[in-house]
Amino acid sequence: MLRVRCLRGGSRGAEAAHYIGSRLRGVFTGWVQRTFQSTQAAAASQNTCAADDKATSPVPKDCLVCSYNEWDPLEEVIVGRAENACVPPFSVEVKANTYEKYWGFYQKFGGQSFPKDHLKKAIAEIEEMCNILKGEGVIVKRPDPIDWSVKYKTPDFESTGMYAAMPRDILLVVGNEIIEAPMAWRARFFEYRAYRRLIKDYFNSGAKWTTAPKPTMADELYDQNYPIHSVEDRHKLAAQGKFVTTEFEPCFDAADFIRAGRDIFVQRSQVTNYMGIEWMRRHLAPDYRVHVISFKDPNPMHIDATFNIIGPGLVLSNPDRPCHQIELFKKAGWTVIQPPVPLIPDDHPLWMSSKWLSMNVLMLDEKRVMVDANETSIQKMFEKLGISTIQVNIRHANSLGGGFHCWTCDIRRRGTLQSYFD
């Protein structure tokens, strides 16, 4: 802005007028020059773009990425890795998402490897799972192995990494678009690096690639005094709608979203805030509708062991965590099924999850499901529904925080975009 001190009287007024006139002429001349240069640059850019367009190969007709729901026939999938998995440092957001009996474990081993023998068994289980998927005709891709023990520092925090075990947590496929979630744990800030090679390949094949706004993960994103001491505290806080993450900036894990064609359901959780949900709502509109649903859950984090949509008009709903909006589904004619109580023993370590990983299944299509070989009760439930079970043992892999749905991200399913709620 041009600021001129006001001068009164005679020669000083003339000097001021002359000064203003010369400045304005200079401003106008500069504007004309910049406009001309900008126009020339734009023309040159257009010519360059035109030349580039001629040199660029067209987008492939059949994009490798295409998935609209959780049950169309599965053709390609990313399966995570347990290699080099590290215990996350015991920060406030980790404390809020884990149970008291494991806090000592995090305080002692944060930044170090998970128990080596346990990891070795988990790696073998996931390798077998990949082989079985391939045997069922599914193309399997894996993230890159990375040393997660390396300490990193941003202007706002320091941490070590965790793993690339759960692609469902960080990647959401909607149609032909791959969305990278921003995440909410500091230990998972750089987790996307393990998937970049794959995502670039999918992008080069014609897929859309979107990275959600990366949070700073500054202290303001977390309630540093989150008053959690017991399970009772968790229930009270959840009932009040209080979470460890604030609304300081958008954050979400992709696993808090679950897809049913044009309708996508999400929960506000310890790792997904309303700003993150609103970002997704605006980004996906108007082709998709994002609905917030909630549960009687003392520790909401990732929706797929609480509410798992397994077919058109068919959903598994955790009886321990009832959905407050279940009538929405019943009125639409959906069948709501309560899975049986999990059979996993109490003494099996589940450092980051509950026993309800038994319902965290992967649909290969409407009539085939990958399910835990140890969970005979839920196998019988699926058989009664006319769905054949593909039984795989991933009990040690469960300890790292996920079942079959968590350990995978479906890249391509053979189907079309439909609405199941109109």
# chains A, B, ... in the order shown; residues from 1 in each chain; ligands from 1

call {"tool": "closest_atom_pairs", "arguments": {"of": "region 103-175 of chain A", "to": "region 274-296 of chain A", "cutoff": "12 Å", "atoms": "only C-alpha atoms", "output": "CSV"}}
result
residue,atom,partner,partner_atom,distance
A:Leu172,CA,A:Met280,CA,10.8
A:Val173,CA,A:Leu284,CA,11.6
A:Val174,CA,A:Leu284,CA,8.7
A:Gly175,CA,A:Tyr288,CA,10.2

call {"tool": "write_last_selection", "arguments": {"atoms": "N, CA and C atoms", "output": "PDB file, in the first residue's frame"}}
result
ATOM      1  N   LEU A 172      -7.294 -45.368   2.139  1.00  0.00           N
ATOM      2  CA  LEU A 172      -8.711 -45.571   1.863  1.00  0.00           C
ATOM      3  C   LEU A 172      -8.916 -45.476   0.358  1.00  0.00           C
ATOM      4  N   VAL A 173      -9.459 -46.527  -0.227  1.00  0.00           N
ATOM      5  CA  VAL A 173      -9.748 -46.535  -1.661  1.00  0.00           C
ATOM      6  C   VAL A 173     -11.223 -46.232  -1.857  1.00  0.00           C
ATOM      7  N   VAL A 174     -11.499 -45.189  -2.620  1.00  0.00           N
ATOM      8  CA  VAL A 174     -12.879 -44.810  -2.949  1.00  0.00           C
ATOM      9  C   VAL A 174     -12.947 -44.687  -4.464  1.00  0.00           C
ATOM     10  N   GLY A 175     -13.562 -45.676  -5.103  1.00  0.00           N
ATOM     11  CA  GLY A 175     -13.590 -45.711  -6.559  1.00  0.00           C
ATOM     12  C   GLY A 175     -12.190 -45.926  -7.100  1.00  0.00           C
TER      13      GLY A 175
END

call {"tool": "select_by_dssp", "arguments": {"residues": "region 311-390 of chain A", "states": "strand (DSSP E)", "output": "PDB file with C-alpha atoms, in the first residue's frame"}}
result
ATOM      1  CA  GLY A 311     -22.476 -57.456   2.060  1.00  0.00           C
ATOM      2  CA  LEU A 314     -25.672 -57.032   5.702  1.00  0.00           C
ATOM      3  CA  VAL A 315     -23.656 -55.734   8.655  1.00  0.00           C
ATOM      4  CA  LEU A 316     -21.921 -57.235  11.687  1.00  0.00           C
ATOM      5  CA  SER A 317     -22.625 -55.128  14.780  1.00  0.00           C
ATOM      6  CA  THR A 335     -29.974 -57.212   8.238  1.00  0.00           C
ATOM      7  CA  VAL A 336     -28.010 -56.512  11.420  1.00  0.00           C
ATOM      8  CA  ILE A 337     -26.126 -59.505  12.800  1.00  0.00           C
ATOM      9  CA  LEU A 362     -12.075 -59.821   4.976  1.00  0.00           C
ATOM     10  CA  MET A 363     -14.749 -60.544   2.385  1.00  0.00           C
ATOM     11  CA  LEU A 364     -13.320 -62.034  -0.815  1.00  0.00           C
ATOM     12  CA  ASP A 365     -16.793 -61.727  -2.326  1.00  0.00           C
ATOM     13  CA  ARG A 368     -16.392 -66.115   0.685  1.00  0.00           C
ATOM     14  CA  VAL A 369     -14.852 -64.715   3.835  1.00  0.00           C
ATOM     15  CA  MET A 370     -11.361 -64.933   5.364  1.00  0.00           C
ATOM     16  CA  VAL A 371     -11.762 -65.676   9.058  1.00  0.00           C
ATOM     17  CA  ASP A 372      -9.613 -66.700  12.027  1.00  0.00           C
ATOM     18  CA  SER A 388     -18.006 -70.212   2.958  1.00  0.00           C
ATOM     19  CA  THR A 389     -15.062 -69.568   5.275  1.00  0.00           C
ATOM     20  CA  ILE A 390     -11.394 -69.442   4.326  1.00  0.00           C
TER      21      ILE A 390
END

call {"tool": "residues_around", "arguments": {"residues": "Leu119 (chain A)", "least_positions_apart": "2", "cutoff": "10 Å", "atoms": "only C-alpha atoms", "output": "ChimeraX atom specification"}}
result
/A:82-86,113-117,121-125,396-397,399-400

call {"tool": "atom_distance", "arguments": {"atom1": "CA of Arg193 (chain A)", "atom2": "CA of Asn308 (chain A)"}}
result
27.8 Å

call {"tool": "atom_distance", "arguments": {"atom1": "CA of Trp185 (chain A)", "atom2": "CA of Ala254 (chain A)"}}
result
12.8 Å

call {"tool": "residues_around", "arguments": {"residues": "region 213-219 of chain A", "least_positions_apart": "6", "cutoff": "10 Å", "atoms": "only C-alpha atoms", "output": "PDB file with N, CA and C atoms, in the first residue's frame"}}
result
ATOM      1  N   VAL A  92       0.788 -39.366  25.109  1.00  0.00           N
ATOM      2  CA  VAL A  92      -0.574 -39.222  25.610  1.00  0.00           C
ATOM      3  C   VAL A  92      -1.593 -39.884  24.691  1.00  0.00           C
ATOM      4  N   THR A 154      10.510 -33.347  14.183  1.00  0.00           N
ATOM      5  CA  THR A 154       9.898 -32.256  13.424  1.00  0.00           C
ATOM      6  C   THR A 154       9.986 -31.004  14.306  1.00  0.00           C
ATOM      7  N   PRO A 155       9.563 -29.854  13.810  1.00  0.00           N
ATOM      8  CA  PRO A 155       9.576 -28.669  14.678  1.00  0.00           C
ATOM      9  C   PRO A 155       8.665 -28.794  15.894  1.00  0.00           C
ATOM     10  N   ASP A 156       7.775 -29.805  15.892  1.00  0.00           N
ATOM     11  CA  ASP A 156       6.771 -29.905  16.964  1.00  0.00           C
ATOM     12  C   ASP A 156       6.921 -31.105  17.884  1.00  0.00           C
ATOM     13  N   PHE A 157       7.632 -32.150  17.464  1.00  0.00           N
ATOM     14  CA  PHE A 157       7.737 -33.331  18.325  1.00  0.00           C
ATOM     15  C   PHE A 157       8.879 -34.225  17.873  1.00  0.00           C
ATOM     16  N   GLU A 180      -4.546 -41.034   1.132  1.00  0.00           N
ATOM     17  CA  GLU A 180      -3.616 -41.254   2.251  1.00  0.00           C
ATOM     18  C   GLU A 180      -4.132 -40.511   3.474  1.00  0.00           C
ATOM     19  N   ALA A 181      -4.383 -41.235   4.547  1.00  0.00           N
ATOM     20  CA  ALA A 181      -4.859 -40.613   5.777  1.00  0.00           C
ATOM     21  C   ALA A 181      -3.732 -39.842   6.452  1.00  0.00           C
ATOM     22  N   PRO A 182      -4.058 -38.756   7.166  1.00  0.00           N
ATOM     23  CA  PRO A 182      -3.028 -37.966   7.848  1.00  0.00           C
ATOM     24  C   PRO A 182      -2.513 -38.622   9.125  1.00  0.00           C
ATOM     25  N   MET A 183      -3.320 -39.531   9.706  1.00  0.00           N
ATOM     26  CA  MET A 183      -3.002 -40.240  10.950  1.00  0.00           C
ATOM     27  C   MET A 183      -3.064 -39.303  12.167  1.00  0.00           C
ATOM     28  N   ALA A 184      -2.999 -39.899  13.351  1.00  0.00           N
ATOM     29  CA  ALA A 184      -3.105 -39.112  14.578  1.00  0.00           C
ATOM     30  C   ALA A 184      -2.032 -39.451  15.604  1.00  0.00           C
ATOM     31  N   TRP A 185      -1.367 -40.587  15.444  1.00  0.00           N
ATOM     32  CA  TRP A 185      -0.277 -40.942  16.359  1.00  0.00           C
ATOM     33  C   TRP A 185       1.036 -40.410  15.811  1.00  0.00           C
ATOM     34  N   ARG A 186       1.826 -39.824  16.687  1.00  0.00           N
ATOM     35  CA  ARG A 186       3.130 -39.312  16.264  1.00  0.00           C
ATOM     36  C   ARG A 186       4.040 -40.429  15.758  1.00  0.00           C
ATOM     37  N   PHE A 189       3.581 -40.926  11.940  1.00  0.00           N
ATOM     38  CA  PHE A 189       3.674 -39.733  11.093  1.00  0.00           C
ATOM     39  C   PHE A 189       4.257 -40.056   9.718  1.00  0.00           C
ATOM     40  N   THR A 245      -7.848 -36.559  21.143  1.00  0.00           N
ATOM     41  CA  THR A 245      -7.563 -35.625  20.056  1.00  0.00           C
ATOM     42  C   THR A 245      -8.525 -34.442  20.128  1.00  0.00           C
ATOM     43  N   THR A 246      -8.009 -33.254  19.875  1.00  0.00           N
ATOM     44  CA  THR A 246      -8.815 -32.040  19.881  1.00  0.00           C
ATOM     45  C   THR A 246      -9.227 -31.691  18.449  1.00  0.00           C
ATOM     46  N   PHE A 248      -7.883 -29.073  16.918  1.00  0.00           N
ATOM     47  CA  PHE A 248      -6.837 -28.108  16.571  1.00  0.00           C
ATOM     48  C   PHE A 248      -6.548 -28.094  15.067  1.00  0.00           C
ATOM     49  N   GLU A 249      -6.611 -29.266  14.436  1.00  0.00           N
ATOM     50  CA  GLU A 249      -6.350 -29.421  13.005  1.00  0.00           C
ATOM     51  C   GLU A 249      -6.937 -30.760  12.585  1.00  0.00           C
ATOM     52  N   PRO A 250      -7.188 -30.963  11.290  1.00  0.00           N
ATOM     53  CA  PRO A 250      -7.784 -32.236  10.861  1.00  0.00           C
ATOM     54  C   PRO A 250      -6.857 -33.421  11.125  1.00  0.00           C
ATOM     55  N   CYS A 251      -7.434 -34.504  11.594  1.00  0.00           N
ATOM     56  CA  CYS A 251      -6.703 -35.770  11.687  1.00  0.00           C
ATOM     57  C   CYS A 251      -7.709 -36.907  11.529  1.00  0.00           C
ATOM     58  N   PHE A 252      -7.273 -37.994  10.945  1.00  0.00           N
ATOM     59  CA  PHE A 252      -8.096 -39.203  10.897  1.00  0.00           C
ATOM     60  C   PHE A 252      -7.245 -40.380  10.475  1.00  0.00           C
ATOM     61  N   GLY A 276     -11.315 -33.703  10.612  1.00  0.00           N
ATOM     62  CA  GLY A 276     -10.918 -34.715   9.642  1.00  0.00           C
ATOM     63  C   GLY A 276     -12.108 -35.274   8.891  1.00  0.00           C
ATOM     64  N   TRP A 279     -13.307 -32.707   6.405  1.00  0.00           N
ATOM     65  CA  TRP A 279     -12.439 -32.661   5.228  1.00  0.00           C
ATOM     66  C   TRP A 279     -12.841 -33.759   4.240  1.00  0.00           C
TER      67      TRP A 279
END

call {"tool": "select_by_dssp", "arguments": {"residues": "region 33-276 of chain A", "states": "helix (DSSP H, G or I)", "output": "PyMOL selection string"}}
result
chain A and resi 33-55+92-96+100-109+116-135+167-170+186-188+191-204+219-221+231-239+254-256+274-276

call {"tool": "residues_around", "arguments": {"residues": "region 196-198 of chain A", "least_positions_apart": "4", "cutoff": "9 Å", "atoms": "only C-alpha atoms", "output": "list in words"}}
result
Ile78, Lys141, Arg142, Pro143, Asp144, Tyr192, Tyr202 and Phe203 of chain A

call {"tool": "closest_residue", "arguments": {"among": "A:Ile344, A:Leu328, A:Met352, A:Leu417", "to": "Val87 (chain A)", "atoms": "only C-alpha atoms"}}
result
A:Met352

call {"tool": "atom_distance", "arguments": {"atom1": "CA of Pro89 (chain A)", "atom2": "CA of Ala164 (chain A)"}}
result
16.2 Å

call {"tool": "residues_around", "arguments": {"residues": "Gly111 (chain A)", "least_positions_apart": "5", "cutoff": "10 Å", "atoms": "only C-alpha atoms", "output": "ChimeraX atom specification"}}
result
/A:85-90,106,148-151,159-162,187

call {"tool": "decode", "arguments": {"residues": "region 79-115 of chain A", "atoms": "N, CA, C and O atoms", "output": "CSV table (one decimal), in the first residue's frame"}}
result
chain,number,residue,atom,x,y,z
A,79,VAL,N,-1.2,-56.2,1.5
A,79,VAL,CA,-1.2,-56.8,2.8
A,79,VAL,C,0.0,-56.3,3.5
A,79,VAL,O,1.1,-56.1,3.0
A,80,GLY,N,-0.1,-55.9,4.8
A,80,GLY,CA,0.9,-55.2,5.5
A,80,GLY,C,2.1,-56.1,5.9
A,80,GLY,O,2.1,-57.3,5.6
A,81,ARG,N,3.0,-55.5,6.6
A,81,ARG,CA,4.3,-56.2,7.0
A,81,ARG,C,4.4,-56.1,8.5
A,81,ARG,O,4.3,-55.0,9.1
A,82,ALA,N,4.9,-57.2,9.2
A,82,ALA,CA,5.2,-57.1,10.6
A,82,ALA,C,6.7,-56.9,10.8
A,82,ALA,O,7.2,-56.6,11.9
A,83,GLU,N,7.5,-57.0,9.7
A,83,GLU,CA,8.9,-56.8,9.8
A,83,GLU,C,9.3,-55.5,10.4
A,83,GLU,O,8.8,-54.5,10.1
A,84,ASN,N,10.2,-55.6,11.4
A,84,ASN,CA,10.8,-54.4,12.0
A,84,ASN,C,9.8,-53.6,12.9
A,84,ASN,O,10.1,-52.4,13.3
A,85,ALA,N,8.7,-54.2,13.2
A,85,ALA,CA,7.7,-53.5,14.0
A,85,ALA,C,8.2,-53.1,15.3
A,85,ALA,O,8.8,-53.8,16.0
A,86,CYS,N,7.9,-51.8,15.7
A,86,CYS,CA,8.4,-51.3,17.0
A,86,CYS,C,7.3,-50.8,17.9
A,86,CYS,O,6.2,-50.4,17.4
A,87,VAL,N,7.5,-50.9,19.2
A,87,VAL,CA,6.5,-50.4,20.1
A,87,VAL,C,6.5,-48.9,20.1
A,87,VAL,O,7.6,-48.3,20.2
A,88,PRO,N,5.4,-48.3,20.0
A,88,PRO,CA,5.4,-46.8,19.9
A,88,PRO,C,5.7,-46.2,21.3
A,88,PRO,O,5.4,-46.8,22.3
A,89,PRO,N,6.4,-45.1,21.3
A,89,PRO,CA,6.6,-44.4,22.6
A,89,PRO,C,5.3,-44.1,23.4
A,89,PRO,O,4.3,-43.9,22.8
A,90,PHE,N,5.4,-44.1,24.7
A,90,PHE,CA,4.2,-44.0,25.5
A,90,PHE,C,3.8,-42.6,25.7
A,90,PHE,O,3.9,-42.0,26.7
A,91,SER,N,3.3,-42.0,24.6
A,91,SER,CA,2.8,-40.6,24.6
A,91,SER,C,1.3,-40.6,25.0
A,91,SER,O,0.7,-41.6,25.1
A,92,VAL,N,0.8,-39.4,25.1
A,92,VAL,CA,-0.6,-39.2,25.6
A,92,VAL,C,-1.6,-39.9,24.7
A,92,VAL,O,-2.6,-40.5,25.2
A,93,GLU,N,-1.4,-39.8,23.4
A,93,GLU,CA,-2.4,-40.4,22.5
A,93,GLU,C,-2.3,-41.9,22.5
A,93,GLU,O,-3.3,-42.6,22.2
A,94,VAL,N,-1.1,-42.5,22.7
A,94,VAL,CA,-1.0,-43.9,22.8
A,94,VAL,C,-1.6,-44.4,24.1
A,94,VAL,O,-2.3,-45.4,24.2
A,95,LYS,N,-1.4,-43.7,25.2
A,95,LYS,CA,-2.0,-44.1,26.5
A,95,LYS,C,-3.5,-44.1,26.4
A,95,LYS,O,-4.2,-45.0,26.9
A,96,ALA,N,-4.1,-43.1,25.7
A,96,ALA,CA,-5.6,-43.1,25.6
A,96,ALA,C,-6.1,-44.2,24.7
A,96,ALA,O,-7.3,-44.4,24.8
A,97,ASN,N,-5.3,-44.9,23.9
A,97,ASN,CA,-5.8,-45.9,23.0
A,97,ASN,C,-5.4,-47.3,23.5
A,97,ASN,O,-5.6,-48.3,22.7
A,98,THR,N,-4.8,-47.4,24.6
A,98,THR,CA,-4.3,-48.7,25.1
A,98,THR,C,-4.9,-49.0,26.5
A,98,THR,O,-5.3,-48.0,27.2
A,99,TYR,N,-4.9,-50.2,26.9
A,99,TYR,CA,-5.4,-50.5,28.2
A,99,TYR,C,-4.4,-50.6,29.3
A,99,TYR,O,-3.2,-50.8,29.1
A,100,GLU,N,-4.9,-50.3,30.5
A,100,GLU,CA,-4.0,-50.1,31.6
A,100,GLU,C,-3.0,-51.2,31.9
A,100,GLU,O,-1.8,-51.0,32.2
A,101,LYS,N,-3.4,-52.4,31.6
A,101,LYS,CA,-2.6,-53.6,31.9
A,101,LYS,C,-1.3,-53.6,31.0
A,101,LYS,O,-0.4,-54.3,31.3
A,102,TYR,N,-1.4,-52.9,29.9
A,102,TYR,CA,-0.2,-52.8,29.0
A,102,TYR,C,0.6,-51.6,29.1
A,102,TYR,O,1.6,-51.4,28.4
A,103,TRP,N,0.2,-50.6,30.0
A,103,TRP,CA,1.0,-49.4,30.1
A,103,TRP,C,2.4,-49.6,30.4
A,103,TRP,O,3.3,-48.9,29.9
A,104,GLY,N,2.7,-50.5,31.3
A,104,GLY,CA,4.0,-50.9,31.7
A,104,GLY,C,4.9,-51.4,30.6
A,104,GLY,O,6.0,-51.0,30.4
A,105,PHE,N,4.2,-52.1,29.7
A,105,PHE,CA,4.9,-52.7,28.5
A,105,PHE,C,5.3,-51.5,27.6
A,105,PHE,O,6.5,-51.5,27.1
A,106,TYR,N,4.5,-50.5,27.4
A,106,TYR,CA,4.8,-49.4,26.5
A,106,TYR,C,5.9,-48.5,27.2
A,106,TYR,O,6.8,-48.0,26.5
A,107,GLN,N,5.8,-48.3,28.5
A,107,GLN,CA,6.8,-47.5,29.2
A,107,GLN,C,8.2,-48.1,29.1
A,107,GLN,O,9.2,-47.4,29.0
A,108,LYS,N,8.2,-49.5,29.2
A,108,LYS,CA,9.5,-50.2,29.2
A,108,LYS,C,10.1,-50.3,27.8
A,108,LYS,O,11.3,-50.2,27.6
A,109,PHE,N,9.2,-50.6,26.8
A,109,PHE,CA,9.7,-51.0,25.4
A,109,PHE,C,9.5,-50.0,24.3
A,109,PHE,O,9.8,-50.2,23.2
A,110,GLY,N,8.9,-48.8,24.7
A,110,GLY,CA,8.6,-47.8,23.7
A,110,GLY,C,9.8,-47.4,22.9
A,110,GLY,O,10.9,-47.1,23.5
A,111,GLY,N,9.7,-47.4,21.6
A,111,GLY,CA,10.9,-47.2,20.7
A,111,GLY,C,11.7,-48.4,20.4
A,111,GLY,O,12.7,-48.3,19.6
A,112,GLN,N,11.4,-49.5,21.0
A,112,GLN,CA,12.2,-50.8,20.7
A,112,GLN,C,11.3,-51.8,20.0
A,112,GLN,O,10.1,-51.6,19.8
A,113,SER,N,11.9,-52.8,19.5
A,113,SER,CA,11.2,-53.9,18.8
A,113,SER,C,10.1,-54.6,19.7
A,113,SER,O,10.3,-54.7,20.9
A,114,PHE,N,9.0,-55.0,19.0
A,114,PHE,CA,8.1,-55.9,19.7
A,114,PHE,C,8.9,-57.2,20.0
A,114,PHE,O,9.9,-57.4,19.3
A,115,PRO,N,8.5,-58.0,20.9
A,115,PRO,CA,9.2,-59.3,21.2
A,115,PRO,C,9.5,-60.0,19.9
A,115,PRO,O,8.7,-60.3,19.1
